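*Asks:* Please see the structure below; I have some questions.
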Amino acid sequence: MENLLGASVSVFIGVTLVLFGGAAWLTGQALAATWRPVWQAFVYAPLLAALDRFFIYALFEGELLSLPAYLLHAMVLLAATLLAYRLTKARKMVSQYPWLYERAGPFGWRRGRGQDAGPQDGTSRESAAEEELPS
């Protein structure tokens with residue numbers, strides 16, 4: 001197990017899950033709160049994982065250049081970042097546009113029940129209204 005983690009289980013829990021998992025969570029919240037695209041999470045999470053591996057190496061004498069450990073830590077931190085991003089984005093969409101959207105579970109939103117979705121044929125509301133006017 002330590003070969004896969006690159007350190008002991010307690011170090012993995014303390015450093016990767018608690019310390020850098022919290023940083024990844026805050027990164028996801030910051031990305032969503034500032035309306036950044038989700039692809040940026042795929043840039044920041046591997047950087048956090050590299051720093052996580054360095055902290056484990058420097059503080060706990062873990063293995064620095066372990067590809068399986070780095071990939072595992074990167075996946076864990078990416079999952080935390082994406083989870084926080086989606087939760088924050090759903091909350092922000094509903095709070096920013098309460099007249100348009102309502103919550104649809106913790107990760108999503110949908111058009112409000114009282115909202116007219118418009119014509120189904122792809123035309124705009126104005127052109128549909130003009131067609132209904134008598135000549």
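Residue numbers start at 1 in each chain; chains themselves are named A, B, ... in the order of the structure tokens; ligands are numbered from 1 in the order shown.
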Quick one: everything within 12 Å of Gly105 (chain A), counting only C-alpha atoms, minus sequence neighbours fewer than 2 positions away in the same chain. Send it as a count of residues only.
*Replies:* 11
*Asks:* List every residue of region 67-110 of chain A that DSSP, applied to the backbone, labels as strand (DSSP E or B), and write the result as a PDB file with C-alpha atoms, in the first residue's frame.
*Replies:*
ATOM      1  CA  TYR A 101     -33.234  28.433 -12.187  1.00  0.00           C
ATOM      2  CA  GLU A 102     -33.990  26.213  -9.227  1.00  0.00           C
ATOM      3  CA  ARG A 103     -31.892  23.524  -7.592  1.00  0.00           C
ATOM      4  CA  TRP A 109     -29.943  23.225 -11.593  1.00  0.00           C
ATOM      5  CA  ARG A 110     -32.878  23.356 -13.962  1.00  0.00           C
TER       6      ARG A 110
END
*Asks:* Using only C-alpha atoms for the distances, tell me which of A:Met93, A:Ala84, A:Leu100, A:Leu72 is nearest to Arg113 (chain A).
*Replies:* A:Leu100
*Asks:* For CA of Ala33 (chain A) and CA of Leu82 (chain A), quote the distance in Å rounded to one decimal.
*Replies:*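 Value for the CA of Ala33 (chain A)-CA of Leu82 (chain A) distance: 13.0 Å.
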*Asks:* Find the spatial neighbours of Ile13 (chain A), counting only C-alpha atoms, within a cut-off of 12 Å - ignore same-chain residues fewer than 4 positions away - and output them as a list in words.
*Replies:*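 Non-adjacent residues within range: Leu5, Ala7, Ser8, Val9, Leu17, Val18, Leu19, Phe20, Gly21, Gly22, Asp52, Ile56, His73 and Val76 of chain A.
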*Asks:* Pull C-alpha atoms from the residues just selected and write them as a compact mmCIF listing (two decimals), in the first residue's frame.
*Replies:*
# COMPACT_ATOMS: atom_id res chain seq x y z
CA LEU A 5 0.73 5.96 -1.91
CA ALA A 7 4.22 7.27 1.95
CA SER A 8 2.40 5.78 4.92
CA VAL A 9 -1.38 5.79 5.06
CA LEU A 17 -6.58 14.41 1.97
CA VAL A 18 -6.67 17.03 4.72
CA LEU A 19 -4.09 19.66 3.75
CA PHE A 20 -4.03 19.48 -0.05
CA GLY A 21 -7.57 18.17 -0.31
CA GLY A 22 -8.66 21.36 1.44
CA ASP A 52 1.82 17.50 -2.36
CA ILE A 56 5.62 14.39 1.55
CA HIS A 73 -2.64 11.93 -5.55
CA VAL A 76 -7.76 12.43 -5.59
*Asks:* Quote the spacing between CA of Ala23 (chain A) and CA of Tyr85 (chain A) in Å to one decimal place.
*Replies:* 12.5 Å
*Asks:* Set the distance at 12 Å and use only C-alpha atoms: which residues neighbour Asn3 (chain A) once local chain neighbours fewer than 4 positions away are removed? I'd like the list as a ChimeraX atom specification.
*Replies:* /A:7-9,12,62-70,72
*Asks:* Atoms to include: N, CA and C atoms. Write the selected residues as a tab-separated table (two decimals), in the first residue's frame.
*Replies:*
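What ended up in again_34.tsv:
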chain	number	residue	atom	x	y	z
A	7	ALA	N	3.98	6.95	0.54
A	7	ALA	CA	4.22	7.27	1.95
A	7	ALA	C	3.28	6.39	2.77
A	8	SER	N	3.30	6.57	4.08
A	8	SER	CA	2.40	5.78	4.92
A	8	SER	C	0.96	6.27	4.75
A	9	VAL	N	0.04	5.45	5.19
A	9	VAL	CA	-1.38	5.79	5.06
A	9	VAL	C	-1.72	7.04	5.88
A	12	PHE	N	-0.58	10.04	3.98
A	12	PHE	CA	-1.50	10.27	2.85
A	12	PHE	C	-2.77	10.95	3.34
A	62	GLY	N	9.23	10.72	2.16
A	62	GLY	CA	8.55	9.89	1.18
A	62	GLY	C	9.30	9.91	-0.14
A	63	GLU	N	8.87	9.08	-1.05
A	63	GLU	CA	9.52	9.01	-2.37
A	63	GLU	C	9.02	10.16	-3.23
A	64	LEU	N	9.92	10.94	-3.79
A	64	LEU	CA	9.53	12.12	-4.58
A	64	LEU	C	9.07	11.75	-5.97
A	65	LEU	N	9.84	10.95	-6.67
A	65	LEU	CA	9.56	10.65	-8.07
A	65	LEU	C	8.89	9.29	-8.23
A	66	SER	N	7.72	9.16	-7.68
A	66	SER	CA	6.94	7.93	-7.81
A	66	SER	C	5.73	8.24	-8.69
A	67	LEU	N	5.76	7.73	-9.91
A	67	LEU	CA	4.68	8.01	-10.85
A	67	LEU	C	3.33	7.47	-10.37
A	68	PRO	N	3.23	6.22	-9.87
A	68	PRO	CA	1.93	5.76	-9.39
A	68	PRO	C	1.39	6.60	-8.24
A	69	ALA	N	2.27	7.01	-7.32
A	69	ALA	CA	1.84	7.84	-6.21
A	69	ALA	C	1.38	9.20	-6.70
A	70	TYR	N	2.13	9.78	-7.63
A	70	TYR	CA	1.75	11.09	-8.16
A	70	TYR	C	0.38	11.01	-8.86
A	72	LEU	N	-2.05	8.85	-8.39
A	72	LEU	CA	-3.11	8.65	-7.40
A	72	LEU	C	-3.43	9.95	-6.68
